[in-house]
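Undergrad: Just passing along the structure, written as structure tokens.
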2 protein chains.
Amino acid sequence: MAASEKTARSAAQPVASVWTRPRPKQREQLSREQIVAEAVLLLDADGIESLSMRKLGTRLGAGATSLYRHVANKDELIELVVDEIYGELEVPAVTGELNWREAAVRSAYSVRAMAIRHPWMASVLGQVGLVHLGPNVLRMTERLADIIATAGFAAEEADLALSAVFSYVIGYATSEAAQLSLIARSGMTEEEWIASLTGVAAAATEELPRLREGHDNYRGKTAEQIRGEKFDYGLQRVLDGLEFRLGTLSTGGAAK
Amino acid sequence: MAASEKTARSAAQPVASVWTRPRPKQREQLSREQIVAEAVLLLDADGIESLSMRKLGTRLGAGATSLYRHVANKDELIELVVDEIYGELEVPAVTGELNWREAAVRSAYSVRAMAIRHPWMASVLGQVGLVHLGPNVLRMTERLADIIATAGFAAEEADLALSAVFSYVIGYATSEAAQLSLIARSGMTEEEWIASLTGVAAAATEELPRLREGHDNYRGKTAEQIRGEKFDYGLQRVLDGLEFRLGTLSTGGAAK
DNA sequence: TCTCGTTGCGAACACTGTACGCACGGCGCA
DNA sequence: TGCGCCGTGCGTACAGTGTTCGCAACGAGA
């Protein structure tokens, strides 16, 4: 729109009247925060492959290349966006009423909710890694480490334990998110999608009895229920494993 | 271009000699297998963002658009590539000498090795999901389900247990792979990269004591050792959790 | 020998990320 | 008040991208 204003100005109205002047130009400043926020909106709405600098620019009422005054790269923009999203996570502190396991469970569910809210994160995490440490990522990691430490892990083991839980949660959540965004792109509901998929795979699974067994137990539950139960089951097993390890530590036996 | 070549040919060399003939044209048939294999080579060498249809075409001595005779899409190509890589996994069967836990460990290590061999898989898995079932993915999943089943999980729980292990392994391996490919792109060695990173983050971690603690325990080990130990620790905890669950099942108590 | 389906491929289109240089507005200083 | 400068927006341009379309050439079958 800025373009049309300008060409109209110079072509149709060469006279420099006050009224046809370039328009006070608004000059409404862009800001990095604004850009990141709008990028999140666009990503949530249309997914990762629809994020282009030009589209983002016009959404902000700005030219495409204006963004580069506030952001070095598209890659840098994505890093900022990732950290922004990590800022949404709720990692509770361990208190008298909330033991470490409950705190860990809540944090895990917060991560999963984040992945479902922003399914494009799945495609982005594999590219950017988890290590590009924005302030929010750092803060969250610190608080998670705190939960693990209060569980009773010594400093040299806490990092390992944290990585165990986090890997499970991220692995499950990103798989789930990737699947959901795949479904969304297909335009079906989740149940339709699963039906069409099992229909196609029925022939293939004939000589794959185990998979067939697994799928038969899902009757009568919504797909969302299943996903939730699956997540919780794995999470409880991981935490069980860590608690078991704590037990062997306190009784003096050093496990492998 | 073809037009100019052709006119040049017919103009400068109107005689239809055997040697000046249009070239037997080679016509060396492309095949889907060839294309996928070359794509894997290119991905391994230069990473995901260097995979373009034109580049892949020229590598195969073919025009860019010729590939579309054998592959519908770039997306479809990537699906094929993913399945191809899954075909590399070694998932042993449970035997008398190899109990389920050992078989699971070997499978897990095979997945991790795959992710390190092909770090671009990390960026791709988040986009394509794990569900786009090529034959190799199906076969592997079936064999993993088999391992879990022989562990003693009933049909309705086996799927949950499988998902737990798989999520952890995928989560860890993709994080690791993403980190490694990030390092590779930076041109440093892994140790240099870590050093530069901790240097930058030193100021930030001052008020984040837990993170600082964690990092101090890594002295005297190579980065590769650390990654390996971390992976193994989490894996053992997940398997511990599943074994614990098996115990509560056999003694009759139904856990939450 | 002729025809037909299959395959390769050049040209073209709509987009992408991004470098460059110009124009403009507000701010500090004379 | 005037002036110059710096930060900002943005038009233009370039090299690449995925993909479509239509043409040309080939091998096989009639």
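Naming scheme: A, B, ... for chains in displayed order of the structure tokens; residues 1 onward per chain; ligands 1 onward as shown.
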I want to know what sits within 12 Å of DC21 in chain D, based on only C-alpha atoms (C1' of nucleotides), with residues of the same chain fewer than 5 positions away left out; could you give that as a list in words?
TA: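 My reading of the contact set: Thr65 of chain B; DC9, DG10, DA11, DA12 and DC13 of chain C.
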Undergrad: I'd like the contact shell of range 9-11 of chain D - 8 Å cut-off, only C-alpha atoms (C1' of nucleotides), skipping same-chain residues fewer than 5 positions apart - returned as a PyMOL selection string.
TA: chain A and resi 27+62-63+65-66
Undergrad: Which residues of chain D have any atom within 12 Å of an atom in range 22-28 of chain C when counting only C-alpha atoms (C1' of nucleotides), and what is the closest pair of atoms for each, with the distance in Å to one decimal? Order the rows by chain and rising number and write it as a tab-separated table.
TA:
```
residue	atom	partner	partner_atom	distance
D:DC3	C1'	C:DG28	C1'	10.5
D:DG4	C1'	C:DG28	C1'	9.7
D:DC5	C1'	C:DC27	C1'	9.0
D:DC6	C1'	C:DC27	C1'	9.1
D:DG7	C1'	C:DG26	C1'	9.5
D:DT8	C1'	C:DG25	C1'	8.8
D:DG9	C1'	C:DC24	C1'	8.6
D:DC10	C1'	C:DA23	C1'	9.2
D:DG11	C1'	C:DC22	C1'	9.1
D:DT12	C1'	C:DC22	C1'	10.6
```
Undergrad: Can you spit out the residues from that selection as a PDB file, in the first residue's frame, using N, CA and C atoms (P, O5', C5', C4', C3', O3' and C1' of nucleotides)?
TA:
```pdb
ATOM      1  P    DC D   3      20.377  26.433   6.937  1.00  0.00           P
ATOM      2  O5'  DC D   3      21.209  25.315   7.707  1.00  0.00           O
ATOM      3  C5'  DC D   3      22.250  25.699   8.596  1.00  0.00           C
ATOM      4  C4'  DC D   3      23.086  24.486   8.947  1.00  0.00           C
ATOM      5  C3'  DC D   3      23.094  23.397   7.873  1.00  0.00           C
ATOM      6  O3'  DC D   3      24.388  22.817   7.828  1.00  0.00           O
ATOM      7  C1'  DC D   3      22.178  22.513   9.858  1.00  0.00           C
ATOM      8  P    DG D   4      24.863  21.975   6.583  1.00  0.00           P
ATOM      9  O5'  DG D   4      25.271  20.602   7.270  1.00  0.00           O
ATOM     10  C5'  DG D   4      26.102  20.619   8.433  1.00  0.00           C
ATOM     11  C4'  DG D   4      25.872  19.354   9.245  1.00  0.00           C
ATOM     12  C3'  DG D   4      25.944  18.064   8.430  1.00  0.00           C
ATOM     13  O3'  DG D   4      26.700  17.129   9.185  1.00  0.00           O
ATOM     14  C1'  DG D   4      23.898  18.138   9.590  1.00  0.00           C
ATOM     15  P    DC D   5      27.417  15.924   8.464  1.00  0.00           P
ATOM     16  O5'  DC D   5      27.129  14.780   9.526  1.00  0.00           O
ATOM     17  C5'  DC D   5      26.841  15.140  10.881  1.00  0.00           C
ATOM     18  C4'  DC D   5      25.865  14.155  11.484  1.00  0.00           C
ATOM     19  C3'  DC D   5      25.903  12.771  10.837  1.00  0.00           C
ATOM     20  O3'  DC D   5      25.911  11.812  11.869  1.00  0.00           O
ATOM     21  C1'  DC D   5      23.691  13.549  10.908  1.00  0.00           C
ATOM     22  P    DC D   6      26.716  10.459  11.712  1.00  0.00           P
ATOM     23  O5'  DC D   6      25.768   9.433  12.478  1.00  0.00           O
ATOM     24  C5'  DC D   6      25.037   9.893  13.621  1.00  0.00           C
ATOM     25  C4'  DC D   6      23.655   9.288  13.620  1.00  0.00           C
ATOM     26  C3'  DC D   6      23.595   7.848  13.098  1.00  0.00           C
ATOM     27  O3'  DC D   6      22.809   7.079  13.985  1.00  0.00           O
ATOM     28  C1'  DC D   6      22.000   9.165  11.986  1.00  0.00           C
ATOM     29  P    DG D   7      23.008   5.518  14.096  1.00  0.00           P
ATOM     30  O5'  DG D   7      21.496   5.023  14.175  1.00  0.00           O
ATOM     31  C5'  DG D   7      20.597   5.674  15.057  1.00  0.00           C
ATOM     32  C4'  DG D   7      19.207   5.636  14.480  1.00  0.00           C
ATOM     33  C3'  DG D   7      18.751   4.258  14.016  1.00  0.00           C
ATOM     34  O3'  DG D   7      17.445   4.033  14.501  1.00  0.00           O
ATOM     35  C1'  DG D   7      18.507   5.815  12.256  1.00  0.00           C
ATOM     36  P    DT D   8      16.842   2.578  14.521  1.00  0.00           P
ATOM     37  O5'  DT D   8      15.797   2.635  13.326  1.00  0.00           O
ATOM     38  C5'  DT D   8      14.770   3.617  13.357  1.00  0.00           C
ATOM     39  C4'  DT D   8      14.202   3.781  11.979  1.00  0.00           C
ATOM     40  C3'  DT D   8      13.754   2.482  11.303  1.00  0.00           C
ATOM     41  O3'  DT D   8      12.350   2.427  11.384  1.00  0.00           O
ATOM     42  C1'  DT D   8      14.784   4.032   9.793  1.00  0.00           C
ATOM     43  P    DG D   9      11.543   1.246  10.822  1.00  0.00           P
ATOM     44  O5'  DG D   9      11.236   1.732   9.339  1.00  0.00           O
ATOM     45  C5'  DG D   9      10.201   2.663   9.112  1.00  0.00           C
ATOM     46  C4'  DG D   9      10.100   2.956   7.639  1.00  0.00           C
ATOM     47  C3'  DG D   9       9.625   1.784   6.776  1.00  0.00           C
ATOM     48  O3'  DG D   9       8.550   2.242   5.979  1.00  0.00           O
ATOM     49  C1'  DG D   9      11.633   2.669   5.899  1.00  0.00           C
ATOM     50  P    DC D  10       7.683   1.257   5.149  1.00  0.00           P
ATOM     51  O5'  DC D  10       8.473   1.209   3.779  1.00  0.00           O
ATOM     52  C5'  DC D  10       8.664   2.401   3.050  1.00  0.00           C
ATOM     53  C4'  DC D  10       9.526   2.118   1.843  1.00  0.00           C
ATOM     54  C3'  DC D  10       9.176   0.804   1.117  1.00  0.00           C
ATOM     55  O3'  DC D  10       9.118   1.080  -0.241  1.00  0.00           O
ATOM     56  C1'  DC D  10      11.467   0.950   1.468  1.00  0.00           C
ATOM     57  P    DG D  11       7.974   0.485  -1.142  1.00  0.00           P
ATOM     58  O5'  DG D  11       8.482   0.835  -2.624  1.00  0.00           O
ATOM     59  C5'  DG D  11       9.104   2.098  -2.871  1.00  0.00           C
ATOM     60  C4'  DG D  11      10.175   1.964  -3.936  1.00  0.00           C
ATOM     61  C3'  DG D  11       9.893   0.908  -5.009  1.00  0.00           C
ATOM     62  O3'  DG D  11      10.294   1.410  -6.278  1.00  0.00           O
ATOM     63  C1'  DG D  11      11.903   0.360  -3.867  1.00  0.00           C
ATOM     64  P    DT D  12      10.178   0.515  -7.580  1.00  0.00           P
ATOM     65  O5'  DT D  12      11.609  -0.159  -7.713  1.00  0.00           O
ATOM     66  C5'  DT D  12      12.764   0.669  -7.585  1.00  0.00           C
ATOM     67  C4'  DT D  12      14.026  -0.170  -7.735  1.00  0.00           C
ATOM     68  C3'  DT D  12      13.933  -1.289  -8.769  1.00  0.00           C
ATOM     69  O3'  DT D  12      15.034  -1.168  -9.660  1.00  0.00           O
ATOM     70  C1'  DT D  12      14.780  -2.126  -6.727  1.00  0.00           C
TER      71       DT D  12
END
```
Undergrad: What are the coordinates of chain A as a compact mmCIF listing (two decimals) with C-alpha atoms, in the first residue's frame following a least-squares fit to chain B on all in-order C-alpha atoms?
TA:
```txt
# COMPACT_ATOMS: atom_id res chain seq x y z
CA MET A 1 25.72 -29.79 -20.11
CA ALA A 2 22.84 -31.19 -22.11
CA ALA A 3 21.85 -27.61 -22.79
CA SER A 4 25.23 -26.64 -24.12
CA GLU A 5 25.32 -29.68 -26.36
CA LYS A 6 22.00 -28.83 -27.83
CA THR A 7 22.60 -25.15 -28.50
CA ALA A 8 25.95 -25.97 -30.00
CA ARG A 9 24.20 -28.42 -32.21
CA SER A 10 21.53 -26.14 -33.57
CA ALA A 11 23.57 -22.96 -33.72
CA ALA A 12 27.04 -23.90 -34.84
CA GLN A 13 26.18 -27.00 -36.78
CA PRO A 14 22.90 -26.75 -38.62
CA VAL A 15 23.96 -29.44 -41.06
CA ALA A 16 22.43 -32.77 -40.11
CA SER A 17 25.54 -34.83 -40.34
CA VAL A 18 25.71 -38.18 -38.64
CA TRP A 19 28.50 -36.97 -36.40
CA THR A 20 26.94 -33.78 -35.27
CA ARG A 21 23.63 -35.45 -34.69
CA PRO A 22 21.93 -34.94 -31.31
CA ARG A 23 24.22 -37.56 -29.84
CA PRO A 24 22.66 -40.95 -29.23
CA LYS A 25 21.43 -38.97 -26.27
CA GLN A 26 22.45 -41.66 -23.88
CA ARG A 27 18.93 -41.61 -22.54
CA GLU A 28 20.30 -43.28 -19.50
CA GLN A 29 17.14 -43.85 -17.59
CA LEU A 30 16.62 -42.28 -14.27
CA SER A 31 15.05 -44.37 -11.58
CA ARG A 32 13.38 -43.51 -8.35
CA GLU A 33 15.94 -45.51 -6.40
CA GLN A 34 18.79 -43.64 -8.04
CA ILE A 35 17.21 -40.32 -7.27
CA VAL A 36 16.60 -41.18 -3.64
CA ALA A 37 20.12 -42.51 -3.21
CA GLU A 38 21.70 -39.43 -4.71
CA ALA A 39 19.47 -37.23 -2.57
CA VAL A 40 20.78 -38.97 0.54
CA LEU A 41 24.34 -38.36 -0.61
CA LEU A 42 23.65 -34.71 -1.21
CA LEU A 43 21.90 -34.33 2.13
CA ASP A 44 24.72 -36.00 3.99
CA ALA A 45 27.24 -33.77 2.29
CA ASP A 46 25.56 -30.39 2.41
CA GLY A 47 22.54 -30.55 4.68
CA ILE A 48 18.90 -29.98 4.14
CA GLU A 49 18.90 -26.43 2.89
CA SER A 50 21.22 -27.38 0.04
CA LEU A 51 18.84 -29.92 -1.41
CA SER A 52 17.26 -28.42 -4.47
CA MET A 53 15.74 -30.20 -7.39
CA ARG A 54 18.07 -28.51 -9.82
CA LYS A 55 21.19 -29.41 -7.89
CA LEU A 56 19.99 -32.97 -7.51
CA GLY A 57 19.21 -33.11 -11.21
CA THR A 58 22.63 -31.97 -12.36
CA ARG A 59 24.27 -34.40 -9.97
CA LEU A 60 22.45 -37.14 -11.78
CA GLY A 61 23.39 -35.72 -15.14
CA ALA A 62 19.79 -34.84 -15.77
CA GLY A 63 17.69 -31.75 -16.06
CA ALA A 64 15.94 -30.49 -12.99
CA THR A 65 12.45 -31.18 -14.17
CA SER A 66 13.22 -34.71 -15.28
CA LEU A 67 12.97 -35.80 -11.69
CA TYR A 68 9.27 -35.09 -11.70
CA ARG A 69 8.71 -38.09 -13.92
CA HIS A 70 9.67 -40.33 -11.03
CA VAL A 71 8.68 -38.29 -8.04
CA ALA A 72 5.57 -36.22 -7.61
CA ASN A 73 6.94 -33.60 -5.30
CA LYS A 74 9.89 -32.46 -3.35
CA ASP A 75 7.84 -33.44 -0.32
CA GLU A 76 7.29 -36.91 -1.67
CA LEU A 77 10.98 -37.19 -2.40
CA ILE A 78 11.70 -36.36 1.20
CA GLU A 79 9.25 -38.97 2.41
CA LEU A 80 11.02 -41.53 0.29
CA VAL A 81 14.36 -40.42 1.62
CA VAL A 82 13.16 -40.71 5.20
CA ASP A 83 11.94 -44.23 4.67
CA GLU A 84 15.20 -45.10 2.97
CA ILE A 85 17.13 -44.00 6.03
CA TYR A 86 14.84 -45.92 8.35
CA GLY A 87 15.85 -48.93 6.35
CA GLU A 88 19.36 -48.57 7.73
CA LEU A 89 18.22 -49.26 11.27
CA GLU A 90 19.19 -52.51 12.88
CA VAL A 91 16.52 -53.85 15.17
CA PRO A 92 17.63 -57.22 16.49
CA ALA A 93 15.21 -59.93 17.43
CA VAL A 94 14.97 -61.19 20.98
CA THR A 95 16.68 -64.57 21.26
CA GLY A 96 17.87 -66.83 24.03
CA GLU A 97 21.11 -64.90 24.32
CA LEU A 98 19.65 -61.46 23.83
CA ASN A 99 16.95 -60.46 26.28
CA TRP A 100 14.46 -57.73 25.53
CA ARG A 101 16.34 -55.02 27.33
CA GLU A 102 19.54 -55.65 25.45
CA ALA A 103 17.64 -55.76 22.20
CA ALA A 104 15.99 -52.46 23.04
CA VAL A 105 19.33 -50.88 23.90
CA ARG A 106 20.83 -51.99 20.61
CA SER A 107 17.90 -50.64 18.69
CA ALA A 108 18.13 -47.35 20.51
CA TYR A 109 21.81 -47.03 19.73
CA SER A 110 21.06 -47.81 16.13
CA VAL A 111 18.62 -44.92 15.99
CA ARG A 112 21.11 -42.60 17.58
CA ALA A 113 23.82 -43.66 15.15
CA MET A 114 21.45 -43.00 12.30
CA ALA A 115 20.72 -39.50 13.54
CA ILE A 116 24.41 -38.73 13.83
CA ARG A 117 25.16 -40.15 10.40
CA HIS A 118 22.36 -38.13 8.85
CA PRO A 119 21.92 -35.02 10.96
CA TRP A 120 19.50 -33.48 8.50
CA MET A 121 16.98 -36.09 9.60
CA ALA A 122 16.37 -33.95 12.66
CA SER A 123 15.03 -31.08 10.61
CA VAL A 124 12.98 -33.38 8.47
CA LEU A 125 11.29 -35.47 11.13
CA GLY A 126 9.55 -32.47 12.61
CA GLN A 127 7.98 -31.70 9.26
CA VAL A 128 7.11 -35.11 8.00
CA GLY A 129 6.15 -36.73 11.26
CA LEU A 130 6.86 -40.32 12.04
CA VAL A 131 3.64 -41.56 10.68
CA HIS A 132 4.23 -41.39 6.99
CA LEU A 133 4.56 -45.04 6.82
CA GLY A 134 6.89 -46.30 4.23
CA PRO A 135 7.60 -50.02 4.17
CA ASN A 136 10.83 -49.66 6.11
CA VAL A 137 9.24 -47.60 8.85
CA LEU A 138 6.48 -50.15 9.17
CA ARG A 139 8.84 -53.08 9.32
CA MET A 140 11.00 -51.43 11.92
CA THR A 141 8.05 -50.50 14.10
CA GLU A 142 6.80 -54.03 13.92
CA ARG A 143 10.09 -55.41 15.14
CA LEU A 144 10.29 -52.89 17.94
CA ALA A 145 6.78 -53.85 18.98
CA ASP A 146 7.95 -57.42 19.02
CA ILE A 147 10.75 -56.62 21.44
CA ILE A 148 8.36 -54.85 23.76
CA ALA A 149 5.87 -57.69 23.60
CA THR A 150 8.44 -60.29 24.55
CA ALA A 151 9.30 -58.12 27.53
CA GLY A 152 5.94 -59.10 28.90
CA PHE A 153 3.69 -56.18 28.13
CA ALA A 154 0.15 -57.06 27.24
CA ALA A 155 -1.12 -55.99 23.88
CA GLU A 156 -2.98 -52.98 25.20
CA GLU A 157 0.06 -51.64 27.00
CA ALA A 158 2.81 -52.54 24.56
CA ASP A 159 2.00 -49.62 22.32
CA LEU A 160 2.31 -47.23 25.22
CA ALA A 161 5.63 -48.68 26.28
CA LEU A 162 6.99 -48.58 22.78
CA SER A 163 6.01 -44.97 22.42
CA ALA A 164 7.81 -44.16 25.67
CA VAL A 165 11.15 -45.57 24.58
CA PHE A 166 10.83 -44.31 21.06
CA SER A 167 9.96 -40.78 22.13
CA TYR A 168 12.96 -40.60 24.38
CA VAL A 169 15.32 -41.94 21.76
CA ILE A 170 13.99 -39.74 19.00
CA GLY A 171 13.94 -36.70 21.26
CA TYR A 172 17.50 -37.16 22.36
CA ALA A 173 18.85 -38.15 18.98
CA THR A 174 17.24 -35.32 17.07
CA SER A 175 18.40 -32.77 19.61
CA GLU A 176 21.88 -34.16 19.33
CA ALA A 177 21.77 -34.19 15.55
CA ALA A 178 20.43 -30.66 15.37
CA GLN A 179 23.22 -29.49 17.61
CA LEU A 180 25.86 -31.30 15.59
CA SER A 181 24.68 -29.92 12.29
CA LEU A 182 24.59 -26.46 13.83
CA ILE A 183 28.20 -26.92 14.86
CA ALA A 184 29.15 -28.22 11.46
CA ARG A 185 27.65 -25.17 9.85
CA SER A 186 29.68 -22.92 12.12
CA GLY A 187 32.90 -24.47 10.86
CA MET A 188 34.31 -25.08 14.33
CA THR A 189 35.19 -28.30 16.06
CA GLU A 190 32.78 -29.40 18.73
CA GLU A 191 35.14 -28.41 21.53
CA GLU A 192 35.73 -24.96 20.08
CA TRP A 193 32.04 -24.48 19.68
CA ILE A 194 31.31 -25.40 23.27
CA ALA A 195 34.09 -23.17 24.49
CA SER A 196 32.81 -20.19 22.54
CA LEU A 197 29.34 -20.88 23.77
CA THR A 198 30.17 -21.14 27.42
CA GLY A 199 32.31 -18.06 27.03
CA VAL A 200 29.35 -16.07 25.78
CA ALA A 201 26.97 -17.56 28.28
CA ALA A 202 29.25 -17.11 31.24
CA ALA A 203 27.87 -13.70 32.07
CA ALA A 204 24.30 -14.87 31.66
CA THR A 205 24.72 -17.93 33.85
CA GLU A 206 25.94 -15.93 36.78
CA GLU A 207 22.46 -15.65 38.15
CA LEU A 208 21.64 -19.15 36.97
CA PRO A 209 23.62 -21.26 39.42
CA ARG A 210 22.13 -24.61 38.52
CA LEU A 211 23.25 -24.44 34.94
CA ARG A 212 26.70 -23.43 36.05
CA GLU A 213 26.91 -26.45 38.32
CA GLY A 214 25.91 -28.77 35.55
CA HIS A 215 28.56 -27.51 33.20
CA ASP A 216 31.38 -27.79 35.68
CA ASN A 217 31.24 -31.57 35.76
CA TYR A 218 32.31 -31.97 32.21
CA ARG A 219 35.96 -31.24 32.62
CA GLY A 220 38.27 -33.91 31.36
CA LYS A 221 35.81 -35.57 29.05
CA THR A 222 35.42 -35.14 25.34
CA ALA A 223 32.18 -33.71 24.12
CA GLU A 224 31.47 -36.96 22.35
CA GLN A 225 31.87 -38.95 25.56
CA ILE A 226 29.49 -36.64 27.34
CA ARG A 227 26.87 -36.97 24.65
CA GLY A 228 27.17 -40.72 24.75
CA GLU A 229 26.89 -40.95 28.52
CA LYS A 230 23.93 -38.64 28.57
CA PHE A 231 22.12 -40.73 26.02
CA ASP A 232 22.83 -43.94 27.86
CA TYR A 233 21.82 -42.55 31.22
CA GLY A 234 18.40 -41.47 30.00
CA LEU A 235 17.88 -44.67 28.09
CA GLN A 236 18.64 -46.78 31.17
CA ARG A 237 16.24 -44.71 33.26
CA VAL A 238 13.44 -45.18 30.75
CA LEU A 239 14.05 -48.92 30.63
CA ASP A 240 14.25 -49.02 34.42
CA GLY A 241 10.88 -47.36 34.51
CA LEU A 242 9.43 -49.96 32.18
CA GLU A 243 10.94 -52.84 34.14
CA PHE A 244 9.55 -51.41 37.33
CA ARG A 245 6.17 -51.26 35.71
CA LEU A 246 6.49 -54.90 34.64
CA GLY A 247 7.20 -55.76 38.26
CA THR A 248 4.08 -54.06 39.55
CA LEU A 249 2.07 -55.78 36.84
CA SER A 250 3.21 -59.27 37.76
CA THR A 251 2.69 -58.74 41.48
CA GLY A 252 -0.88 -57.84 40.72
CA GLY A 253 -0.91 -54.17 41.73
CA ALA A 254 -2.32 -51.89 39.06
CA ALA A 255 -0.33 -48.66 39.08
CA LYS A 256 -2.01 -45.38 38.38
```
Undergrad: Which residues are near DC4 in chain C? Cut-off 12 Å, only C-alpha atoms (C1' of nucleotides), ignore same chain within fewer than 6 positions. Put them as a short mmCIF file (atom, residue, chain, number, x, y, z; two decimals) with N, CA and C atoms (P, O5', C5', C4', C3', O3' and C1' of nucleotides), in the first residue's frame.
TA:
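Once everything was written out, this is around02.cif:
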```
data_model
loop_
_atom_site.label_atom_id
_atom_site.label_comp_id
_atom_site.auth_asym_id
_atom_site.auth_seq_id
_atom_site.Cartn_x
_atom_site.Cartn_y
_atom_site.Cartn_z
P DC D 26 17.11 -39.66 -30.42
"O5'" DC D 26 16.74 -41.08 -29.80
"C5'" DC D 26 16.88 -41.25 -28.39
"C4'" DC D 26 15.78 -42.12 -27.87
"C3'" DC D 26 15.65 -43.48 -28.54
"O3'" DC D 26 16.37 -44.42 -27.76
"C1'" DC D 26 13.54 -42.51 -27.93
P DG D 27 16.61 -45.88 -28.32
"O5'" DG D 27 15.35 -46.68 -27.76
"C5'" DG D 27 15.17 -46.78 -26.35
"C4'" DG D 27 13.99 -47.68 -26.06
"C3'" DG D 27 14.01 -49.02 -26.80
"O3'" DG D 27 13.57 -50.05 -25.91
"C1'" DG D 27 12.09 -47.76 -27.45
P DA D 28 13.33 -51.54 -26.45
"O5'" DA D 28 11.75 -51.60 -26.66
"C5'" DA D 28 10.89 -51.32 -25.55
"C4'" DA D 28 9.42 -51.49 -25.95
"C3'" DA D 28 9.09 -52.82 -26.63
"O3'" DA D 28 7.79 -53.22 -26.24
"C1'" DA D 28 8.60 -51.05 -28.11
P DG D 29 7.32 -54.71 -26.52
"O5'" DG D 29 5.96 -54.52 -27.35
"C5'" DG D 29 5.03 -53.50 -26.98
"C4'" DG D 29 4.06 -53.24 -28.13
"C3'" DG D 29 3.61 -54.49 -28.90
"O3'" DG D 29 2.24 -54.36 -29.23
"C1'" DG D 29 4.64 -52.98 -30.38
P DA D 30 1.44 -55.52 -29.91
"O5'" DA D 30 0.99 -54.88 -31.30
"C5'" DA D 30 0.29 -53.64 -31.30
"C4'" DA D 30 0.10 -53.17 -32.73
"C3'" DA D 30 -0.40 -54.26 -33.69
"O3'" DA D 30 -1.39 -53.71 -34.55
"C1'" DA D 30 1.64 -53.38 -34.49
#
```
Undergrad: May I have all residues of range 76-165 of chain B that DSSP, computed from the backbone, assigns to alpha helix (DSSP H), given as a count of residues only?
TA: 65
